[in-house]
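Dumped structure.tsv below, it's TSV, C-alpha atoms:
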chain	number	residue	atom	x	y	z
N	179	MET	CA	-15.80	-12.50	-7.09
N	180	ILE	CA	-12.01	-12.34	-6.71
N	181	LEU	CA	-10.92	-11.80	-3.10
N	182	THR	CA	-7.77	-9.68	-2.77
N	183	VAL	CA	-5.69	-9.65	0.41
N	184	ASP	CA	-3.00	-6.97	0.66
N	185	ALA	CA	-1.18	-7.42	3.96
N	186	GLY	CA	1.11	-4.70	5.27
N	187	ASN	CA	2.94	-4.37	8.56
N	188	THR	CA	0.12	-2.30	10.10
N	189	ASN	CA	-3.05	-3.04	8.11
N	190	ILE	CA	-4.55	-5.72	5.90
N	191	VAL	CA	-6.64	-4.38	3.03
N	192	LEU	CA	-9.34	-6.75	1.80
N	193	GLY	CA	-11.09	-6.18	-1.49
N	194	GLY	CA	-13.71	-7.93	-3.55
N	195	ILE	CA	-13.63	-7.44	-7.33
N	196	GLU	CA	-15.96	-8.85	-9.96
N	197	ASN	CA	-15.85	-8.10	-13.68
N	198	ASP	CA	-13.31	-5.32	-13.04
N	199	LYS	CA	-15.68	-3.63	-10.56
N	200	LEU	CA	-14.70	-3.08	-6.92
N	201	LEU	CA	-17.47	-4.49	-4.73
N	202	PHE	CA	-16.01	-3.62	-1.33
N	203	LEU	CA	-12.83	-2.44	0.37
N	204	SER	CA	-12.04	-2.99	4.04
N	205	ARG	CA	-9.09	-2.53	6.40
N	206	ILE	CA	-8.27	-4.61	9.48
N	207	ALA	CA	-5.24	-4.57	11.76
N	208	THR	CA	-2.34	-6.90	11.02
N	209	GLN	CA	-1.85	-9.22	14.00
N	210	THR	CA	1.15	-11.51	13.82
N	211	ALA	CA	-0.06	-13.79	16.62
N	212	LEU	CA	-3.26	-14.92	14.87
N	213	MET	CA	-3.51	-18.38	13.33
N	214	ALA	CA	-4.98	-19.32	9.95
N	215	ASP	CA	-8.40	-20.25	11.36
N	216	GLU	CA	-8.61	-16.94	13.22
N	217	TYR	CA	-7.86	-14.99	10.05
N	218	ALA	CA	-10.37	-17.13	8.16
N	219	VAL	CA	-13.02	-16.09	10.68
N	220	LYS	CA	-12.06	-12.43	10.31
N	221	PHE	CA	-12.16	-12.60	6.52
N	222	SER	CA	-15.52	-14.36	6.65
N	223	GLU	CA	-16.92	-11.69	8.96
N	224	ILE	CA	-15.72	-8.92	6.61
N	225	LEU	CA	-17.41	-10.65	3.68
N	226	ALA	CA	-20.64	-10.92	5.66
N	227	LEU	CA	-20.42	-7.26	6.68
N	228	TYR	CA	-20.64	-6.28	3.01
N	229	GLY	CA	-23.31	-8.82	2.13
N	230	TYR	CA	-21.15	-11.61	0.71
N	231	CYS	CA	-20.05	-15.08	1.80
N	232	ALA	CA	-17.30	-17.60	1.07
N	233	ALA	CA	-19.40	-19.21	-1.67
N	234	ASP	CA	-19.13	-15.96	-3.66
N	235	ILE	CA	-15.33	-16.30	-3.95
N	236	ASN	CA	-14.19	-17.55	-7.37
N	237	GLY	CA	-10.51	-16.94	-6.79
N	238	ALA	CA	-8.10	-15.03	-4.55
N	239	ALA	CA	-4.87	-13.03	-4.76
N	240	ILE	CA	-2.57	-12.46	-1.78
N	241	SER	CA	0.22	-9.94	-1.33
N	242	SER	CA	2.09	-9.82	1.97
N	243	VAL	CA	5.16	-7.97	3.19
N	244	VAL	CA	4.92	-9.81	6.52
N	245	THR	CA	6.81	-12.92	5.39
N	246	PRO	CA	5.94	-15.20	8.33
N	247	LEU	CA	2.24	-14.51	7.81
N	248	THR	CA	2.15	-15.25	4.08
N	249	PRO	CA	1.45	-19.00	4.51
N	250	VAL	CA	-1.02	-18.15	7.27
N	251	PHE	CA	-3.03	-15.92	4.93
N	252	LYS	CA	-2.93	-18.58	2.23
N	253	GLN	CA	-4.25	-21.22	4.63
N	254	ALA	CA	-6.91	-18.82	5.86
N	255	VAL	CA	-8.18	-18.20	2.34
N	256	LYS	CA	-8.08	-21.94	1.63
N	257	ARG	CA	-10.51	-22.39	4.53
N	258	LEU	CA	-12.95	-20.18	2.61
N	259	THR	CA	-12.55	-21.39	-0.96
N	260	SER	CA	-11.11	-24.19	-3.07
N	261	SER	CA	-10.70	-21.81	-6.01
N	262	LYS	CA	-7.36	-20.72	-7.43
N	263	ILE	CA	-5.16	-18.67	-5.07
N	264	VAL	CA	-2.36	-16.52	-6.51
N	265	THR	CA	0.37	-15.37	-4.12
N	266	VAL	CA	2.72	-12.54	-5.11
N	267	GLY	CA	6.31	-13.74	-4.95
N	268	PRO	CA	9.30	-14.91	-7.00
N	269	GLY	CA	8.24	-16.68	-10.19
N	270	ILE	CA	4.89	-14.95	-10.58
N	271	LYS	CA	4.12	-13.39	-13.98
N	272	THR	CA	4.01	-9.63	-13.48
N	273	GLY	CA	4.68	-8.04	-16.85
N	274	VAL	CA	7.09	-5.69	-15.06
N	275	ASN	CA	10.70	-5.36	-16.24
N	276	ILE	CA	12.48	-5.02	-12.90
N	277	LYS	CA	15.88	-3.35	-13.16
N	278	ILE	CA	16.98	-3.37	-9.52
N	279	ASP	CA	20.09	-5.28	-8.36
N	280	ASP	CA	18.08	-8.32	-7.20
N	281	PRO	CA	14.64	-8.43	-8.86
N	282	ALA	CA	13.53	-11.32	-6.63
N	283	ALA	CA	13.97	-9.08	-3.59
N	284	LEU	CA	11.38	-6.52	-4.70
N	285	GLY	CA	8.62	-6.31	-2.08
N	286	ALA	CA	5.20	-7.69	-2.93
N	287	ASP	CA	3.61	-4.31	-2.21
N	288	LEU	CA	5.93	-2.56	-4.66
N	289	VAL	CA	5.17	-5.19	-7.31
N	290	CYS	CA	1.41	-4.66	-6.87
N	291	GLY	CA	1.79	-0.89	-6.98
N	292	ALA	CA	3.87	-1.04	-10.15
N	293	VAL	CA	1.45	-3.42	-11.87
N	294	GLY	CA	-1.52	-1.28	-10.84
N	295	ALA	CA	0.16	1.92	-12.04
N	296	MET	CA	1.10	0.49	-15.42
N	297	GLU	CA	-2.44	-0.79	-15.87
N	298	LYS	CA	-4.11	2.51	-14.99
N	299	TYR	CA	-1.63	5.21	-16.07
N	300	ASP	CA	0.77	5.85	-18.94
N	301	PRO	CA	4.42	5.55	-17.84
N	302	PRO	CA	6.58	7.20	-16.74
N	303	CYS	CA	5.16	6.99	-13.21
N	304	VAL	CA	6.28	7.85	-9.70
N	305	ILE	CA	4.45	6.00	-6.92
N	306	PHE	CA	4.35	7.18	-3.30
N	307	ASP	CA	2.98	4.54	-0.92
N	308	LEU	CA	2.38	5.97	2.56
N	309	GLY	CA	2.12	3.16	5.07
N	310	THR	CA	4.33	1.84	7.87
N	311	ALA	CA	7.14	2.99	5.61
N	312	THR	CA	6.83	5.62	2.93
N	313	THR	CA	8.13	4.12	-0.31
N	314	ILE	CA	8.75	5.76	-3.65
N	315	SER	CA	8.95	3.77	-6.89
N	316	ALA	CA	10.04	4.90	-10.34
N	317	ILE	CA	8.79	3.43	-13.63
N	318	ASP	CA	10.26	4.89	-16.81
N	319	ARG	CA	8.53	5.41	-20.15
N	320	ASN	CA	9.83	2.02	-21.36
N	321	ARG	CA	7.90	0.38	-18.49
N	322	PHE	CA	11.07	-0.53	-16.58
N	323	PHE	CA	10.89	-0.53	-12.78
N	324	LEU	CA	14.06	1.40	-11.97
N	325	GLY	CA	14.06	1.36	-8.16
N	326	GLY	CA	13.08	3.89	-5.53
N	327	SER	CA	13.40	5.17	-1.98
N	328	ILE	CA	12.36	3.97	1.47
N	329	ILE	CA	11.59	6.52	4.18
N	330	PRO	CA	10.34	5.99	7.75
N	331	GLY	CA	6.55	6.25	7.71
N	332	VAL	CA	4.77	9.16	9.38
N	333	LYS	CA	3.40	7.14	12.27
N	334	VAL	CA	6.66	5.22	12.73
N	335	SER	CA	8.53	8.51	12.95
N	336	LEU	CA	6.05	9.91	15.46
N	337	LYS	CA	6.24	6.75	17.58
N	338	ALA	CA	10.04	6.88	17.58
N	339	LEU	CA	9.94	10.55	18.53
N	340	SER	CA	7.56	10.12	21.46
N	341	SER	CA	9.29	6.97	22.73
N	342	THR	CA	12.77	8.52	22.77
N	343	ALA	CA	11.93	12.08	23.84
N	344	ALA	CA	10.37	12.02	27.30
N	345	ALA	CA	8.66	15.39	26.98
N	346	LEU	CA	6.90	14.61	23.68
N	347	PRO	CA	3.49	12.88	23.72
N	348	ASP	CA	2.24	10.07	21.48
N	349	ILE	CA	-0.01	11.77	18.90
N	350	ASN	CA	-0.41	8.87	16.48
N	351	THR	CA	-4.18	9.02	16.95
N	352	GLU	CA	-4.24	12.73	16.07
N	353	LEU	CA	-2.87	12.72	12.52
N	354	SER	CA	-4.66	15.87	11.40
N	355	GLY	CA	-4.10	19.61	11.49
N	356	ASP	CA	-3.13	22.48	9.24
N	357	VAL	CA	-0.90	24.62	11.46
N	358	LEU	CA	2.49	25.40	9.95
N	359	ILE	CA	4.02	27.33	12.85
N	360	GLY	CA	2.97	25.48	15.98
N	361	THR	CA	2.55	27.34	19.25
N	362	ASN	CA	2.29	24.23	21.43
N	363	THR	CA	3.97	20.86	21.50
N	364	VAL	CA	1.23	18.88	19.76
N	365	ASP	CA	0.79	21.42	16.95
N	366	CYS	CA	4.56	21.57	16.47
N	367	MET	CA	4.67	17.78	16.11
N	368	LYS	CA	1.73	17.81	13.70
N	369	SER	CA	3.39	20.48	11.60
N	370	GLY	CA	6.58	18.48	11.37
N	371	SER	CA	4.89	15.17	10.60
N	372	ILE	CA	2.13	16.30	8.23
N	373	ILE	CA	3.40	19.42	6.48
N	374	GLY	CA	6.98	18.18	6.76
N	375	THR	CA	6.03	14.93	4.99
N	376	ALA	CA	4.12	16.87	2.33
N	377	SER	CA	7.18	19.03	1.72
N	378	MET	CA	9.38	15.94	1.45
N	379	MET	CA	6.95	14.45	-1.08
N	380	ASP	CA	6.97	17.68	-3.11
N	381	GLY	CA	10.76	17.76	-3.19
N	382	MET	CA	11.15	14.08	-4.05
N	383	ALA	CA	8.47	14.31	-6.75
N	384	VAL	CA	10.40	17.15	-8.41
N	385	ARG	CA	13.66	15.20	-8.30
N	386	TYR	CA	12.09	11.96	-9.56
N	387	LYS	CA	10.47	13.78	-12.48
N	388	GLU	CA	13.83	15.34	-13.31
N	389	ALA	CA	15.24	11.81	-13.44
N	390	ILE	CA	12.54	9.98	-15.43
N	391	GLY	CA	10.57	12.69	-17.23
N	392	GLN	CA	8.61	15.82	-16.42
N	393	ASP	CA	5.46	14.21	-17.84
N	394	ALA	CA	5.54	11.45	-15.21
N	395	ALA	CA	2.26	10.70	-13.44
N	396	VAL	CA	2.85	11.09	-9.70
N	397	ILE	CA	0.57	8.77	-7.73
N	398	ALA	CA	-0.01	8.58	-3.99
N	399	THR	CA	-1.57	5.62	-2.23
N	400	GLY	CA	-1.55	4.03	1.22
N	401	GLY	CA	-3.48	4.39	4.43
N	402	ILE	CA	-2.45	7.95	5.32
N	403	ALA	CA	-2.03	9.46	1.85
N	404	SER	CA	-5.34	11.31	2.08
N	405	ALA	CA	-4.19	13.06	5.28
N	406	ILE	CA	-0.99	14.36	3.67
N	407	LEU	CA	-1.92	15.27	0.10
N	408	PRO	CA	-3.96	18.40	0.95
N	409	PHE	CA	-0.69	20.00	2.05
N	410	CYS	CA	1.34	19.06	-1.04
N	411	ARG	CA	2.06	21.72	-3.66
N	412	GLU	CA	3.00	19.34	-6.47
N	413	LYS	CA	0.26	17.58	-8.42
N	414	PHE	CA	-0.43	14.10	-6.99
N	415	ILE	CA	-3.06	11.59	-8.06
N	416	LEU	CA	-4.69	10.02	-5.00
N	417	ASP	CA	-5.35	6.35	-5.79
N	418	GLU	CA	-6.44	4.47	-2.69
N	419	THR	CA	-7.08	1.19	-4.55
N	420	LEU	CA	-3.82	1.07	-6.54
N	421	LEU	CA	-2.41	-2.05	-4.84
N	422	ILE	CA	-5.74	-3.88	-4.84
N	423	ASP	CA	-6.10	-3.12	-8.54
N	424	GLY	CA	-2.58	-4.40	-9.12
N	425	LEU	CA	-3.37	-7.59	-7.23
N	426	TYR	CA	-6.44	-8.15	-9.38
N	427	VAL	CA	-4.36	-7.73	-12.56
N	428	LEU	CA	-1.80	-10.21	-11.21
N	429	TYR	CA	-4.56	-12.71	-10.51
N	430	LYS	CA	-5.80	-12.46	-14.09
N	431	LYS	CA	-2.23	-12.88	-15.42
N	432	ASN	CA	-1.55	-15.99	-13.33
N	433	ALA	CA	-4.84	-17.75	-12.63
Output the structure of this file as C-alpha coordinates.
Amino acid sequence: MILTVDAGNTNIVLGGIENDKLLFLSRIATQTALMADEYAVKFSEILALYGYCAADINGAAISSVVTPLTPVFKQAVKRLTSSKIVTVGPGIKTGVNIKIDDPAALGADLVCGAVGAMEKYDPPCVIFDLGTATTISAIDRNRFFLGGSIIPGVKVSLKALSSTAAALPDINTELSGDVLIGTNTVDCMKSGSIIGTASMMDGMAVRYKEAIGQDAAVIATGGIASAILPFCREKFILDETLLIDGLYVLYKKNA
(Lines of atoms letter the chains of each structure in order from A and count residues from 1; the text may use other names and numbers.)
(Lines give C-alpha, C1' and ligand atoms only; values in the text may rest on other atoms or scores of the structure.)
Protein backbone atom coordinates (compact mmCIF):
# COMPACT_ATOMS: atom_id res chain seq x y z
CA MET A 1 0.00 0.00 0.00
CA ILE A 2 1.17 3.52 -0.83
CA LEU A 3 0.38 6.03 1.94
CA THR A 4 -0.47 9.51 0.64
CA VAL A 5 -0.35 12.57 2.88
CA ASP A 6 -1.86 15.77 1.48
CA ALA A 7 -1.42 18.52 4.06
CA GLY A 8 -3.31 21.78 3.72
CA ASN A 9 -3.58 24.75 6.05
CA THR A 10 -6.79 23.42 7.62
CA ASN A 11 -6.89 19.66 6.99
CA ILE A 12 -4.57 16.76 6.28
CA VAL A 13 -6.00 14.17 3.90
CA LEU A 14 -4.59 10.67 4.32
CA GLY A 15 -5.11 8.03 1.69
CA GLY A 16 -4.08 4.44 1.15
CA ILE A 17 -3.76 3.20 -2.43
CA GLU A 18 -2.82 -0.25 -3.68
CA ASN A 19 -2.74 -1.38 -7.31
CA ASP A 20 -4.46 1.87 -8.35
CA LYS A 21 -7.35 1.19 -5.93
CA LEU A 22 -8.20 3.60 -3.11
CA LEU A 23 -8.35 1.61 0.13
CA PHE A 24 -9.27 4.44 2.49
CA LEU A 25 -9.51 8.22 2.71
CA SER A 26 -9.44 10.18 5.97
CA ARG A 27 -9.24 13.82 7.08
CA ILE A 28 -7.64 15.15 10.27
CA ALA A 29 -7.01 18.70 11.41
CA THR A 30 -3.69 20.35 10.62
CA GLN A 31 -1.98 21.29 13.89
CA THR A 32 1.24 23.24 13.55
CA ALA A 33 2.32 22.63 17.15
CA LEU A 34 2.52 18.83 16.87
CA MET A 35 5.88 17.07 16.63
CA ALA A 36 6.85 14.21 14.31
CA ASP A 37 6.17 11.49 16.88
CA GLU A 38 2.72 12.92 17.59
CA TYR A 39 1.84 12.90 13.90
CA ALA A 40 3.24 9.38 13.61
CA VAL A 41 0.83 8.29 16.34
CA LYS A 42 -2.08 10.00 14.58
CA PHE A 43 -1.22 8.40 11.24
CA SER A 44 -0.87 5.00 12.90
CA GLU A 45 -4.27 5.39 14.57
CA ILE A 46 -5.89 6.30 11.23
CA LEU A 47 -4.36 3.22 9.62
CA ALA A 48 -5.69 1.05 12.45
CA LEU A 49 -9.13 2.64 12.16
CA TYR A 50 -9.40 1.30 8.61
CA GLY A 51 -7.89 -2.09 9.40
CA TYR A 52 -4.28 -1.49 8.34
CA CYS A 53 -0.93 -1.05 10.09
CA ALA A 54 2.51 0.41 9.40
CA ALA A 55 3.73 -2.94 8.05
CA ASP A 56 1.26 -2.57 5.16
CA ILE A 57 3.03 0.58 3.88
CA ASN A 58 5.24 -0.07 0.84
CA GLY A 59 5.93 3.57 0.09
CA ALA A 60 4.62 7.07 0.80
CA ALA A 61 4.04 10.38 -0.97
CA ILE A 62 3.78 13.71 0.86
CA SER A 63 2.42 17.04 -0.34
CA SER A 64 2.35 19.98 2.05
CA VAL A 65 1.56 23.67 1.66
CA VAL A 66 2.49 24.24 5.31
CA THR A 67 6.24 24.62 4.70
CA PRO A 68 7.42 24.35 8.33
CA LEU A 69 5.53 21.08 8.74
CA THR A 70 6.90 19.37 5.62
CA PRO A 71 9.98 17.89 7.39
CA VAL A 72 7.76 17.00 10.35
CA PHE A 73 5.45 14.94 8.14
CA LYS A 74 8.43 13.27 6.50
CA GLN A 75 9.89 12.30 9.88
CA ALA A 76 6.49 11.08 11.04
CA VAL A 77 6.15 8.78 8.04
CA LYS A 78 9.73 7.58 8.54
CA ARG A 79 8.68 6.43 12.01
CA LEU A 80 6.14 4.14 10.31
CA THR A 81 8.09 2.79 7.35
CA SER A 82 11.57 2.48 5.89
CA SER A 83 10.13 2.37 2.37
CA LYS A 84 10.64 5.07 -0.24
CA ILE A 85 9.12 8.47 0.60
CA VAL A 86 8.47 10.97 -2.20
CA THR A 87 7.96 14.62 -1.21
CA VAL A 88 6.44 17.08 -3.68
CA GLY A 89 8.81 19.98 -4.22
CA PRO A 90 11.37 21.51 -6.60
CA GLY A 91 13.21 18.87 -8.61
CA ILE A 92 10.49 16.24 -8.51
CA LYS A 93 9.45 14.69 -11.83
CA THR A 94 5.89 15.80 -12.53
CA GLY A 95 5.34 15.53 -16.27
CA VAL A 96 3.74 18.99 -16.10
CA ASN A 97 4.99 21.81 -18.34
CA ILE A 98 4.69 24.76 -15.96
CA LYS A 99 4.46 28.11 -17.72
CA ILE A 100 4.16 30.47 -14.74
CA ASP A 101 6.82 33.14 -14.02
CA ASP A 102 8.63 30.98 -11.43
CA PRO A 103 7.79 27.29 -11.88
CA ALA A 104 9.58 26.37 -8.63
CA ALA A 105 7.11 28.54 -6.72
CA LEU A 106 4.05 26.53 -7.75
CA GLY A 107 2.34 25.15 -4.64
CA ALA A 108 2.51 21.43 -3.96
CA ASP A 109 -1.29 21.22 -3.90
CA LEU A 110 -1.56 22.81 -7.34
CA VAL A 111 1.07 20.41 -8.69
CA CYS A 112 -0.87 17.40 -7.35
CA GLY A 113 -4.15 18.73 -8.73
CA ALA A 114 -2.62 19.30 -12.16
CA VAL A 115 -1.01 15.86 -12.25
CA GLY A 116 -4.25 14.22 -11.11
CA ALA A 117 -6.31 16.11 -13.69
CA MET A 118 -4.01 15.25 -16.58
CA GLU A 119 -4.05 11.61 -15.54
CA LYS A 120 -7.84 11.37 -15.27
CA TYR A 121 -9.18 13.88 -17.83
CA ASP A 122 -8.32 15.07 -21.33
CA PRO A 123 -6.93 18.63 -21.32
CA PRO A 124 -7.85 21.41 -21.49
CA CYS A 125 -8.87 21.46 -17.82
CA VAL A 126 -9.93 24.02 -15.25
CA ILE A 127 -9.45 22.97 -11.62
CA PHE A 128 -11.26 24.60 -8.69
CA ASP A 129 -9.83 23.59 -5.31
CA LEU A 130 -12.02 24.78 -2.44
CA GLY A 131 -10.05 24.75 0.79
CA THR A 132 -8.59 27.41 3.07
CA ALA A 133 -8.16 29.34 -0.16
CA THR A 134 -10.15 28.75 -3.31
CA THR A 135 -7.68 28.24 -6.15
CA ILE A 136 -8.30 27.96 -9.86
CA SER A 137 -5.78 26.35 -12.22
CA ALA A 138 -5.74 26.30 -16.01
CA ILE A 139 -4.21 23.53 -18.16
CA ASP A 140 -4.39 24.00 -21.92
CA ARG A 141 -4.85 21.34 -24.58
CA ASN A 142 -1.05 21.10 -25.00
CA ARG A 143 -0.82 20.05 -21.32
CA PHE A 144 0.79 23.33 -20.26
CA PHE A 145 -0.01 24.62 -16.77
CA LEU A 146 -0.76 28.26 -17.59
CA GLY A 147 -1.47 29.71 -14.13
CA GLY A 148 -4.64 30.55 -12.26
CA SER A 149 -6.38 32.54 -9.55
CA ILE A 150 -6.34 32.62 -5.75
CA ILE A 151 -9.47 33.68 -3.87
CA PRO A 152 -10.14 33.80 -0.12
CA GLY A 153 -11.76 30.51 0.89
CA VAL A 154 -15.38 30.37 2.01
CA LYS A 155 -14.60 29.72 5.66
CA VAL A 156 -11.75 32.25 5.72
CA SER A 157 -14.10 34.88 4.33
CA LEU A 158 -16.78 34.05 6.90
CA LYS A 159 -14.25 34.16 9.73
CA ALA A 160 -12.97 37.55 8.57
CA LEU A 161 -16.53 38.83 8.31
CA SER A 162 -17.58 37.73 11.80
CA SER A 163 -14.33 38.89 13.42
CA THR A 164 -14.48 42.39 11.94
CA ALA A 165 -18.23 43.03 12.04
CA ALA A 166 -19.42 42.97 15.64
CA ALA A 167 -23.05 42.26 14.81
CA LEU A 168 -22.34 39.23 12.60
CA PRO A 169 -22.02 35.76 14.19
CA ASP A 170 -19.49 33.03 13.40
CA ILE A 171 -21.36 30.52 11.21
CA ASN A 172 -18.39 28.44 10.05
CA THR A 173 -20.01 25.34 11.54
CA GLU A 174 -23.23 25.97 9.61
CA LEU A 175 -22.03 25.81 6.00
CA SER A 176 -25.33 24.66 4.54
CA GLY A 177 -28.55 26.21 3.28
CA ASP A 178 -30.37 26.99 0.07
CA VAL A 179 -31.93 30.39 0.75
CA LEU A 180 -31.10 33.02 -1.87
CA ILE A 181 -32.86 36.00 -0.30
CA GLY A 182 -32.17 35.77 3.42
CA THR A 183 -34.66 37.16 5.91
CA ASN A 184 -32.35 36.92 8.93
CA THR A 185 -28.68 37.51 9.54
CA VAL A 186 -27.54 33.89 9.40
CA ASP A 187 -29.46 33.12 6.20
CA CYS A 188 -28.13 36.30 4.61
CA MET A 189 -24.57 35.22 5.43
CA LYS A 190 -25.21 31.71 4.12
CA SER A 191 -26.62 33.09 0.90
CA GLY A 192 -23.58 35.28 0.37
CA SER A 193 -21.04 32.59 1.21
CA ILE A 194 -22.62 29.55 -0.47
CA ILE A 195 -24.66 30.85 -3.39
CA GLY A 196 -22.27 33.78 -3.82
CA THR A 197 -19.31 31.38 -4.12
CA ALA A 198 -21.27 29.20 -6.56
CA SER A 199 -21.99 32.26 -8.69
CA MET A 200 -18.32 33.24 -8.62
CA MET A 201 -17.36 29.73 -9.72
CA ASP A 202 -19.90 29.85 -12.56
CA GLY A 203 -18.57 33.18 -13.78
CA MET A 204 -14.91 32.19 -13.53
CA ALA A 205 -15.57 28.85 -15.25
CA VAL A 206 -17.13 30.69 -18.20
CA ARG A 207 -14.18 33.08 -18.46
CA TYR A 208 -11.57 30.33 -18.12
CA LYS A 209 -13.24 28.28 -20.85
CA GLU A 210 -13.27 31.35 -23.08
CA ALA A 211 -9.52 31.58 -22.51
CA ILE A 212 -8.45 27.93 -22.93
CA GLY A 213 -11.29 26.24 -24.82
CA GLN A 214 -15.01 25.67 -24.49
CA ASP A 215 -14.42 21.92 -24.33
CA ALA A 216 -12.40 22.25 -21.12
CA ALA A 217 -13.26 19.82 -18.32
CA VAL A 218 -14.12 21.89 -15.24
CA ILE A 219 -13.23 20.00 -12.07
CA ALA A 220 -14.00 20.87 -8.45
CA THR A 221 -12.22 19.36 -5.48
CA GLY A 222 -11.44 20.27 -1.88
CA GLY A 223 -13.10 19.90 1.48
CA ILE A 224 -16.13 22.11 0.87
CA ALA A 225 -16.67 21.57 -2.86
CA SER A 226 -19.62 19.24 -2.25
CA ALA A 227 -21.41 21.96 -0.25
CA ILE A 228 -21.11 24.52 -3.05
CA LEU A 229 -21.58 22.58 -6.29
CA PRO A 230 -25.35 21.96 -5.89
CA PHE A 231 -25.82 25.71 -6.36
CA CYS A 232 -23.62 26.05 -9.46
CA ARG A 233 -25.26 26.41 -12.87
CA GLU A 234 -22.21 25.51 -14.94
CA LYS A 235 -21.23 21.86 -15.34
CA PHE A 236 -18.60 20.86 -12.76
CA ILE A 237 -17.07 17.43 -12.17
CA LEU A 238 -16.83 16.74 -8.43
CA ASP A 239 -13.58 14.85 -7.80
CA GLU A 240 -12.87 14.57 -4.10
CA THR A 241 -9.76 12.40 -4.56
CA LEU A 242 -8.07 14.48 -7.28
CA LEU A 243 -5.04 15.53 -5.19
CA ILE A 244 -4.59 12.09 -3.64
CA ASP A 245 -4.70 10.55 -7.11
CA GLY A 246 -2.13 13.09 -8.28
CA LEU A 247 0.12 12.25 -5.33
CA TYR A 248 -0.08 8.57 -6.19
CA VAL A 249 0.92 9.29 -9.81
CA LEU A 250 3.85 11.40 -8.58
CA TYR A 251 4.97 8.54 -6.34
CA LYS A 252 4.99 6.14 -9.30
CA LYS A 253 6.94 8.67 -11.42
CA ASN A 254 9.61 9.22 -8.76
CA ALA A 255 9.87 6.11 -6.60
- Write out as a PyMOL selection string the residues lying within 10 Å of N:Pro268, counting only C-alpha atoms and excluding same-chain residues fewer than 4 positions away. chain N and resi 272+281-286
Would you give me, as a tab-separated table, each residue of stretch 279-380 of chain N having an atom within 6 Å of an atom of stretch 413-427 of chain N, along with its shortest atom pair and that distance in Å to one decimal, using only C-alpha atoms and sorting by chain and residue number?
residue	atom	partner	partner_atom	distance
N:Cys290	CA	N:Gly424	CA	4.6
N:Gly291	CA	N:Leu421	CA	4.9
N:Val293	CA	N:Gly424	CA	5.0
N:Gly294	CA	N:Gly424	CA	3.7
- From the set N:Ser369, N:Ser404, N:Ser242, N:Ser340, which residue has the shortest atom-to-atom contact distance to N:Phe306, counting only C-alpha atoms? N:Ser404
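Nearest residue to N:Thr310, choosing from N:Met382, N:Val274, N:Leu212, N:Ile190 and counting all atoms listed in the file: N:Ile190.
With distances restricted to all atoms listed in the file, N:Ala238 is the closest residue to N:Leu428 from N:Ile317, N:Ile278, N:Ala238, N:Leu192.
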- Might you pull out every residue within 8 Å of N:Met296, with only C-alpha atoms counted and same-chain residues fewer than 5 positions away left off, and present them as a PyMOL selection string? chain N and resi 301+303+321
- Task: One decimal, Å: what's the distance from atom CA of N:Lys431 over to atom CA of N:Thr188, could you say?
- Result: 27.7 Å
- Item | Polymer residues at most 7 Å from stretch 251-259 of chain N, only C-alpha atoms, same-chain spacing of 6 or more positions, as a ChimeraX atom specification | /N:214-215,217-218,232,235
- Task: Could you jot down the atom CA of N:Ala383 to atom CA of N:Gly401 separation for me, Å, one decimal place?
- Result: 19.1 Å
- Go through N:Met179, N:Ala343, N:Leu288, N:Ile276 one by one, measure the shortest atom-to-atom distance of each to N:Glu196 using all atoms listed in the file, and give the residue with the smallest value. N:Met179
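Across the structure, atom CA of N:Asp318 and atom CA of N:Lys387 are spaced 9.9 Å apart.
In this comparison, which uses all atoms listed in the file, the residue of N:Thr265, N:Gln209, N:Pro246, N:Pro302 approaching N:Val183 most closely is N:Thr265.
Residues surrounding N:Pro408 within 10 Å are Asp356, Ile372, Ile373, Ala376, Ala403, Ser404 and Phe414 of chain N [only C-alpha atoms; sequence separation below 4 positions excluded].
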